[in-house]
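What follows is one structure encoded as structure tokens, with my remarks underneath.
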2 protein chains.
Amino acid sequence: MSAPEFFPKLRLKSDDRRSQILAAALDVFAELGFHGARTRDLAERAGVSEALLFRHFATKEDLVRAILESVGFEERIGMMEDHFTKLPPREGLCRIAEYSLTALRDDPRVFRVIFFGVLEVPDLAGEFYRKFLSRLLALETRLFERAFAERGARRAAQDAAVAARSFHGSLFFYQMTGAIVRIEPLPKNPKERAEAIVNLYLPEEAA
Amino acid sequence: MSAPEFFPKLRLKSDDRRSQILAAALDVFAELGFHGARTRDLAERAGVSEALLFRHFATKEDLVRAILESVGFEERIGMMEDHFTKLPPREGLCRIAEYSLTALRDDPRVFRVIFFGVLEVPDLAGEFYRKFLSRLLALETRLFERAFAERGARRAAQDAAVAARSFHGSLFFYQMTGAIVRIEPLPKNPKERAEAIVNLYLPEEAA
DNA sequence: CGGCAGAAAGTAAGTACGCACTTAGCGCCG
DNA sequence: CGGCGCTAAGTGCGTACTTACTTTCTGCCG
């Protein structure tokens, strides 16, 4: 659990305190998971009393939800949909993979909180799928459809859906082992690895 | 939680009772997760008192460990290593995929317990990686190495490791969405889907 | 075949403690 | 001086695990 952060005990504006608590909570939830994190830990890490914590967030579950909200998935996925759809499909997929691997390297905490949340808070699983995963899968499926079409129409439409799921699973592997099991080392160079992964599905030489 | 099972209240031999408790626990842990399952639930489902439960398993954590033990991973993976290494690499990979998808369809509970255990019981993550995942990855890597070698030595050795991880991730996707999120439907025909997945990595026509 | 001792299977009723969440009130800033 | 930020000190409930005790089986001796 380490020492509580050493904030000078200032009086903060409500919003500032709120986001400071959120930041601390991201840390603690990532380390300990939802059930593992005690409200005491959360308050301590933020350098405030438990009472204040409950003034800002009615329940512990609300706090996780607020974290996931603050990450801004909706916008991020929207942005991906906007930008990557236009790209050549191969590149679109590279960008998705690179984006995922980079985010993972830069801050695995977010992935940990998601995994913990999805497993430990039953409602969150479906919510996450609806708001995020299903949209990403749809985007990936469209990209694969186009990629397959470009290389001769040998493949059925269903193949693109299967490819998208397998591809997304590949990214999953890194998220899971990098953020949760934490034994496999994360790829040093996300861009390079992203291309290597896409190459498995859409070999360059065949282009 | 549903009604407690309707076992006639027999006196059982220690070993029989033990495995009956294990069976019930598999059910409950799969439904509720490690923290979510109360020892009360576990006892109720098995139709015995909590005291008896603790006579058989010293702690709740021991009980999960015993479940994972009873699944017999060590033997299963050993068997895979023995049999699948000899096969043509493409077929070996198909069999691994098929095995995973079939097991998932037949009893997702096991996968749920693993996921929950790995996330909620920190020690279990490393343990699981060492005993199981790393060995499977090694097997898959060897198969990819051979497959790549057969099709002209264009690829570096590292590629096989990346391919194995991506491939395993693809299986992961189904385990995760099938067992945890439970929105995506599981593939109806595991064998067919297994081949479709392997095809993405090693297209038939190129053979 | 009793019958009886001792082990093994089982339980009802705790216990102690950890945890999410409250209450009642203090003091600083505008 | 009013209200906003903040806290010390609860509260009560849920839960993993125990204790102390009863019931049933088993094997052995006369």
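Just remember, in the structure tokens the first chain shown is A, the second B, etc., residues are 1-based per chain, and ligands are 1-based in the order shown.
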(message) Run DSSP on the backbone and tell me which residues of range 33-158 of chain A come out as helix (DSSP H, G or I); list them as an MDAnalysis selection string.
(response) chainID A and resid 33:36 39:46 50:56 60:71 73:84 89:106 108:120 122:150 157:158
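Near chain B, the residues of chain A that fall inside 6 Å (using only C-alpha atoms) are A:Ala125, A:Ser166, A:Gly169, A:Ser170, A:Phe172, A:Phe173, A:Val181, A:Leu200, A:Tyr201.
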Practice item. Tell me, as number ranges by chain, which residues lie within 10 Å of range 16-21 of chain D, counting only C-alpha atoms (C1' of nucleotides); anything in the same chain fewer than 3 positions away does not count. Key: B: 38-40, 50-51, 54, 58-60; C: 11-17
Identify every residue of chain C that has at least one atom within 9 Å of any atom of chain A, counting only C-alpha atoms (C1' of nucleotides), and report the result as an mmCIF file with N, CA and C atoms (P, O5', C5', C4', C3', O3' and C1' of nucleotides), in the first residue's frame.
```cif
data_model
loop_
_atom_site.group_PDB
_atom_site.id
_atom_site.type_symbol
_atom_site.label_atom_id
_atom_site.label_comp_id
_atom_site.auth_asym_id
_atom_site.auth_seq_id
_atom_site.Cartn_x
_atom_site.Cartn_y
_atom_site.Cartn_z
ATOM 1 P P DC C 19 -10.872 -4.614 5.438
ATOM 2 O "O5'" DC C 19 -12.234 -3.964 4.953
ATOM 3 C "C5'" DC C 19 -13.263 -4.831 4.458
ATOM 4 C "C4'" DC C 19 -14.566 -4.085 4.493
ATOM 5 C "C3'" DC C 19 -14.436 -2.650 4.031
ATOM 6 O "O3'" DC C 19 -14.991 -2.560 2.730
ATOM 7 C "C1'" DC C 19 -15.821 -2.850 5.987
ATOM 8 P P DA C 20 -14.835 -1.297 1.823
ATOM 9 O "O5'" DA C 20 -16.326 -0.724 1.804
ATOM 10 C "C5'" DA C 20 -17.371 -1.510 1.267
ATOM 11 C "C4'" DA C 20 -18.693 -0.920 1.700
ATOM 12 C "C3'" DA C 20 -18.981 0.476 1.165
ATOM 13 O "O3'" DA C 20 -20.371 0.536 0.842
ATOM 14 C "C1'" DA C 20 -18.974 0.524 3.538
ATOM 15 P P DC C 21 -20.930 1.744 -0.042
ATOM 16 O "O5'" DC C 21 -21.407 2.744 1.111
ATOM 17 C "C5'" DC C 21 -22.421 2.300 2.006
ATOM 18 C "C4'" DC C 21 -22.439 3.122 3.253
ATOM 19 C "C3'" DC C 21 -22.677 4.635 3.105
ATOM 20 O "O3'" DC C 21 -23.931 4.943 3.670
ATOM 21 C "C1'" DC C 21 -21.155 4.146 4.839
ATOM 22 P P DT C 22 -24.543 6.430 3.670
ATOM 23 O "O5'" DT C 22 -24.915 6.647 5.201
ATOM 24 C "C5'" DT C 22 -23.966 6.365 6.201
ATOM 25 C "C4'" DT C 22 -24.528 6.805 7.526
ATOM 26 C "C3'" DT C 22 -25.176 8.188 7.546
ATOM 27 O "O3'" DT C 22 -26.129 8.228 8.604
ATOM 28 C "C1'" DT C 22 -23.072 8.258 8.679
ATOM 29 P P DC C 28 -9.102 27.732 11.207
ATOM 30 O "O5'" DC C 28 -8.849 28.063 9.671
ATOM 31 C "C5'" DC C 28 -9.011 27.033 8.695
ATOM 32 C "C4'" DC C 28 -9.801 27.557 7.508
ATOM 33 C "C3'" DC C 28 -9.427 28.959 7.074
ATOM 34 O "O3'" DC C 28 -9.126 28.870 5.694
ATOM 35 C "C1'" DC C 28 -11.781 28.760 7.238
#
```
Contact check, chain A to chain D, at most 8 Å, counting only C-alpha atoms (C1' of nucleotides), closest pairs as JSON lines:
```
{"residue": "A:Arg11", "atom": "CA", "partner": "D:DG5", "partner_atom": "C1'", "distance": 6.4}
{"residue": "A:Leu12", "atom": "CA", "partner": "D:DG5", "partner_atom": "C1'", "distance": 7.3}
{"residue": "A:Lys13", "atom": "CA", "partner": "D:DG5", "partner_atom": "C1'", "distance": 7.9}
{"residue": "A:Ser14", "atom": "CA", "partner": "D:DG5", "partner_atom": "C1'", "distance": 7.7}
{"residue": "A:Ser49", "atom": "CA", "partner": "D:DT7", "partner_atom": "C1'", "distance": 6.3}
{"residue": "A:Ala51", "atom": "CA", "partner": "D:DT7", "partner_atom": "C1'", "distance": 7.3}
{"residue": "A:Leu52", "atom": "CA", "partner": "D:DC6", "partner_atom": "C1'", "distance": 6.7}
```
Write a file of the selected residues as an mmCIF file, in the first residue's frame, keeping C-alpha atoms.
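Writing done, so here's selection39.cif:
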```
data_model
loop_
_atom_site.group_PDB
_atom_site.id
_atom_site.type_symbol
_atom_site.label_atom_id
_atom_site.label_comp_id
_atom_site.auth_asym_id
_atom_site.auth_seq_id
_atom_site.Cartn_x
_atom_site.Cartn_y
_atom_site.Cartn_z
ATOM 1 C CA ARG A 11 -8.657 23.359 1.250
ATOM 2 C CA LEU A 12 -9.599 22.756 -2.333
ATOM 3 C CA LYS A 13 -12.466 23.721 -4.556
ATOM 4 C CA SER A 14 -14.949 20.901 -4.808
ATOM 5 C CA SER A 49 -11.082 11.547 5.199
ATOM 6 C CA ALA A 51 -16.292 11.107 4.917
ATOM 7 C CA LEU A 52 -15.153 13.536 2.263
#
```
Here CA of Gly117 in chain B and CA of Glu98 in chain B stand apart by 24.0 Å
>> List the spatial neighbours of Met79 in chain A as JSON, numbers by chain - criterion: any atom at most 12 Å away, only C-alpha atoms (C1' of nucleotides), same-chain residues fewer than 4 positions off excluded.
In response: {"A": [72, 73, 74, 75, 83, 84, 85, 86, 96, 99, 135, 136, 139]}
Distance criterion (only C-alpha atoms): nearest to Arg146 in chain B out of B:Leu87, B:Ala30, B:Leu101, B:Met80 =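 Smallest separation from Arg146 in chain B among the options: B:Leu87.
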